[in-house]
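A.B. asks: Take a look at run.pdb, PDB, C-alpha atoms:
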```pdb
MODEL        1
ATOM      1  CA  MET H   1     -17.886   6.471 -72.768
ATOM      2  CA  SER H   2     -21.424   7.731 -72.532
ATOM      3  CA  THR H   3     -21.368   9.515 -75.895
ATOM      4  CA  VAL H   4     -22.840   7.706 -78.893
ATOM      5  CA  ALA H   5     -20.254   9.176 -81.297
ATOM      6  CA  TYR H   6     -17.294   8.041 -79.154
ATOM      7  CA  GLN H   7     -14.624   6.152 -81.101
ATOM      8  CA  PRO H   8     -12.500   3.865 -78.886
ATOM      9  CA  ASP H   9      -9.123   4.822 -80.272
ATOM     10  CA  GLY H  10      -6.402   7.202 -79.210
ATOM     11  CA  ASP H  11      -7.593  10.002 -81.471
ATOM     12  CA  ASP H  12     -11.128  10.502 -80.148
ATOM     13  CA  PRO H  13     -11.337  13.979 -78.555
ATOM     14  CA  LEU H  14     -13.014  12.522 -75.450
ATOM     15  CA  ASN H  15      -9.840  10.619 -74.589
ATOM     16  CA  ILE H  16      -7.963  13.818 -73.691
ATOM     17  CA  PRO H  17     -10.284  14.921 -70.848
ATOM     18  CA  ASP H  18     -10.475  11.304 -69.652
ATOM     19  CA  MET H  19      -6.706  11.084 -69.376
ATOM     20  CA  ARG H  20      -6.552  14.475 -67.669
ATOM     21  CA  ALA H  21      -9.197  13.374 -65.135
ATOM     22  CA  PHE H  22      -7.312  10.118 -64.500
ATOM     23  CA  PHE H  23      -4.016  11.839 -63.716
ATOM     24  CA  ASN H  24      -5.664  14.733 -61.843
ATOM     25  CA  THR H  25      -7.382  12.189 -59.590
ATOM     26  CA  LEU H  26      -4.047  10.512 -58.892
ATOM     27  CA  SER H  27      -2.524  13.905 -58.083
ATOM     28  CA  VAL H  28      -5.292  14.865 -55.657
ATOM     29  CA  LEU H  29      -5.027  11.543 -53.824
ATOM     30  CA  LEU H  30      -1.224  11.675 -53.637
ATOM     31  CA  GLU H  31      -1.204  15.273 -52.416
ATOM     32  CA  ALA H  32      -3.603  14.158 -49.655
ATOM     33  CA  GLY H  33      -1.075  11.499 -48.579
ATOM     34  CA  VAL H  34      -3.062   8.545 -49.923
ATOM     35  CA  THR H  35      -1.196   5.515 -51.228
ATOM     36  CA  VAL H  36      -2.490   4.830 -54.726
ATOM     37  CA  VAL H  37      -2.277   1.924 -57.146
ATOM     38  CA  ALA H  38      -3.036   3.099 -60.674
ATOM     39  CA  GLU H  39      -3.695   0.353 -63.189
ATOM     40  CA  ALA H  40      -3.967   0.779 -66.932
ATOM     41  CA  ALA H  41      -2.403  -0.675 -70.044
ATOM     42  CA  TYR H  42      -1.152   2.663 -71.317
ATOM     43  CA  GLN H  43       1.974   2.758 -73.395
ATOM     44  CA  ASP H  44       4.844   5.141 -72.662
ATOM     45  CA  ARG H  45       3.443   8.015 -74.743
ATOM     46  CA  ARG H  46       0.287   7.990 -72.569
ATOM     47  CA  TRP H  47       1.744   7.140 -69.133
ATOM     48  CA  ARG H  48       4.948   9.182 -69.040
ATOM     49  CA  PRO H  49       3.459  12.687 -69.562
ATOM     50  CA  GLY H  50       0.911  12.065 -66.807
ATOM     51  CA  LEU H  51       3.250  10.301 -64.392
ATOM     52  CA  GLU H  52       6.313  12.552 -64.673
ATOM     53  CA  PRO H  53       4.758  15.426 -62.675
ATOM     54  CA  LEU H  54       3.654  12.936 -60.010
ATOM     55  CA  THR H  55       7.239  11.846 -59.346
ATOM     56  CA  LYS H  56       7.649  15.086 -57.359
ATOM     57  CA  ILE H  57       5.015  13.954 -54.835
ATOM     58  CA  ALA H  58       5.098  10.155 -55.107
ATOM     59  CA  ASP H  59       7.524   7.312 -54.537
ATOM     60  CA  LEU H  60       6.688   5.791 -57.901
ATOM     61  CA  ARG H  61       6.942   2.038 -58.574
ATOM     62  CA  ILE H  62       6.174   0.392 -61.905
ATOM     63  CA  ILE H  63       4.876  -3.150 -62.167
ATOM     64  CA  ARG H  64       4.890  -4.390 -65.757
ATOM     65  CA  CYS H  65       2.813  -7.520 -66.344
ATOM     66  CA  THR H  66       3.786  -9.666 -69.312
ATOM     67  CA  THR H  67       2.665 -12.847 -71.006
ATOM     68  CA  SER H  68       2.990 -14.449 -74.415
ATOM     69  CA  THR H  69       1.456 -12.876 -77.513
ATOM     70  CA  PRO H  70      -1.049 -15.734 -78.007
ATOM     71  CA  THR H  71      -2.203 -15.311 -74.396
ATOM     72  CA  ILE H  72      -2.543 -11.548 -74.857
ATOM     73  CA  ILE H  73      -4.682 -12.053 -77.974
ATOM     74  CA  GLU H  74      -6.780 -14.722 -76.233
ATOM     75  CA  ARG H  75      -7.419 -12.402 -73.269
ATOM     76  CA  ILE H  76      -8.344  -9.453 -75.500
ATOM     77  CA  ALA H  77     -10.869 -11.663 -77.323
ATOM     78  CA  GLU H  78     -12.213 -13.017 -74.034
ATOM     79  CA  HIS H  79     -12.688  -9.493 -72.636
ATOM     80  CA  ALA H  80     -14.327  -8.287 -75.836
ATOM     81  CA  ASP H  81     -16.840 -11.143 -75.658
ATOM     82  CA  SER H  82     -17.614 -11.073 -71.948
ATOM     83  CA  ASP H  83     -17.270  -7.545 -70.588
ATOM     84  CA  ARG H  84     -19.593  -4.847 -71.940
ATOM     85  CA  HIS H  85     -17.631  -2.233 -69.965
ATOM     86  CA  ARG H  86     -14.654  -2.834 -72.282
ATOM     87  CA  THR H  87     -16.406  -1.151 -75.218
ATOM     88  CA  ALA H  88     -14.377   2.026 -74.648
ATOM     89  CA  HIS H  89     -11.156   0.045 -75.102
ATOM     90  CA  GLY H  90     -11.694  -0.791 -78.763
ATOM     91  CA  ASP H  91     -10.875  -4.478 -78.284
ATOM     92  CA  ARG H  92     -12.706  -5.535 -81.463
ATOM     93  CA  GLN H  93     -10.716  -3.058 -83.581
ATOM     94  CA  LEU H  94      -7.512  -4.131 -81.876
ATOM     95  CA  LEU H  95      -8.236  -7.773 -82.749
ATOM     96  CA  THR H  96      -8.993  -6.747 -86.345
ATOM     97  CA  ASP H  97      -5.696  -4.830 -86.510
ATOM     98  CA  ILE H  98      -3.796  -7.828 -85.103
ATOM     99  CA  ASP H  99      -5.444 -10.189 -87.614
ATOM    100  CA  ALA H 100      -4.611  -7.800 -90.464
ATOM    101  CA  GLY H 101      -0.998  -7.438 -89.332
ATOM    102  CA  ALA H 102      -1.501  -3.717 -88.645
ATOM    103  CA  TYR H 103      -0.566  -4.153 -84.961
ATOM    104  CA  SER H 104       1.301  -6.672 -82.879
ATOM    105  CA  PRO H 105       1.372  -6.839 -79.070
ATOM    106  CA  GLU H 106       5.182  -6.967 -79.379
ATOM    107  CA  GLU H 107       5.005  -3.298 -80.474
ATOM    108  CA  PHE H 108       3.826  -2.245 -77.006
ATOM    109  CA  VAL H 109       6.149   0.483 -75.675
ATOM    110  CA  ASP H 110       6.868   0.188 -71.934
ATOM    111  CA  ILE H 111       6.987   3.180 -69.600
ATOM    112  CA  SER H 112      10.386   4.853 -69.902
ATOM    113  CA  LEU H 113      10.491   6.611 -66.531
ATOM    114  CA  ASP H 114      13.498   6.261 -64.261
ATOM    115  CA  ALA H 115      11.676   4.397 -61.493
ATOM    116  CA  PRO H 116      12.003   1.001 -59.823
ATOM    117  CA  THR H 117      10.346  -1.520 -62.128
ATOM    118  CA  LEU H 118       9.280  -5.096 -61.493
ATOM    119  CA  LEU H 119       8.526  -7.437 -64.376
ATOM    120  CA  VAL H 120       5.723  -9.868 -63.510
ATOM    121  CA  ASP H 121       4.804 -12.869 -65.634
ATOM    122  CA  ALA H 122       0.997 -13.011 -65.584
ATOM    123  CA  SER H 123       0.661 -16.088 -67.796
ATOM    124  CA  ASP H 124      -0.777 -18.264 -65.036
ATOM    125  CA  GLY H 125      -1.190 -16.308 -61.830
ATOM    126  CA  TYR H 126       1.713 -14.007 -60.984
ATOM    127  CA  TRP H 127       5.436 -14.706 -60.912
ATOM    128  CA  PRO H 128       6.935 -13.400 -58.785
ATOM    129  CA  GLY H 129       4.006 -13.882 -56.450
ATOM    130  CA  THR H 130       1.957 -11.369 -54.516
ATOM    131  CA  ALA H 131       4.268 -11.489 -51.467
ATOM    132  CA  GLU H 132       7.242 -10.439 -53.618
ATOM    133  CA  ILE H 133       5.164  -7.818 -55.411
ATOM    134  CA  GLY H 134       4.095  -6.389 -52.048
ATOM    135  CA  ALA H 135       7.710  -6.331 -50.837
ATOM    136  CA  PHE H 136       8.735  -4.503 -54.027
ATOM    137  CA  ASN H 137       6.046  -1.884 -53.420
ATOM    138  CA  ARG H 138       7.105  -1.351 -49.796
ATOM    139  CA  ALA H 139      10.853  -1.126 -50.522
ATOM    140  CA  ARG H 140      12.478   2.271 -50.074
TER     141      ARG H 140
ENDMDL
END
```
Please rewrite the model in this file as structure tokens.
C.D. replies:
Amino acid sequence: MSTVAYQPDGDDPLNIPDMRAFFNTLSVLLEAGVTVVAEAAYQDRRWRPGLEPLTKIADLRIIRCTTSTPTIIERIAEHADSDRHRTAHGDRQLLTDIDAGAYSPEEFVDISLDAPTLLVDASDGYWPGTAEIGAFNRAR
């Protein structure tokens, strides 16, 4: 975010127009016939309302990457330390909440849309691999 007062949590008022812009961009691209891969770590309450309308114009596929809780925490800490662009994600607060027991990665709520879903273990590379992921995306 380019606003000094921005708070990187779900309740900051700037998050609403950001989410709207994200899903509007997907809609414009899909309506133009463009194949789109949309990546984000949104939970169901964020993804579903934006994706549901797109199911009318898209052959939706969901790829859910998973790994162990210690690996998730390690990666959040690594991103917080090395990527200044992650400031808007609130990684430091998330790590504080995890340390305090106020949040656990196991509480993450997956997308609940009725769409083909592939679970991918991203602990060390991808399993299944990229060939299988590509085949999943191309399947009708």
A.B. asks: Hey, what comes out of the PyMOL selection byres ((chain H and resi 44-55) around 9) on this file? Could you write it as a ChimeraX atom specification?
C.D. replies: /H:19-20,22-24,26-27,30,40-43,56-60,108-113,115
A.B. asks: Take atom CA of Asp81 of chain H and atom CA of Val120 of chain H and report the distance between them in Å, one decimal.
C.D. replies: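 Interatomic distance here is 25.7 Å.
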A.B. asks: Using all atoms listed in the file, determine which residues lie at most 12 Å from Leu119 of chain H, disregarding the query and same-chain residues fewer than 6 positions distant; provide the list as number ranges by chain.
C.D. replies: H: 61-67, 110-111, 126-129, 132-133, 136
A.B. asks: Residues proximal to (2.1, -15.2, -69.6) were defined as those with any atom within 7 Å of that point in the file's coordinates, counting only C-alpha atoms. Which are they, as a VMD selection string?
C.D. replies: chain H and resid 66 to 68 71 121 to 124
A.B. asks: Quick one: apply the PyMOL selection byres ((chain H and resi 104) around 12) to the file and drop the selected residues here as an NGL selection string.
C.D. replies: :H and (68-70 or 72-73 or 94-103 or 105-109)
A.B. asks: Do you have the atom CA of Glu39 of chain H-atom CA of His79 of chain H distance handy?
C.D. replies: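 Those two atoms sit 16.3 Å apart.
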A.B. asks: To one decimal place, how far is atom CA of Val34 of chain H from atom CA of Gly134 of chain H in Å?
C.D. replies: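 Between atom CA of Val34 of chain H and atom CA of Gly134 of chain H the gap is 16.7 Å.
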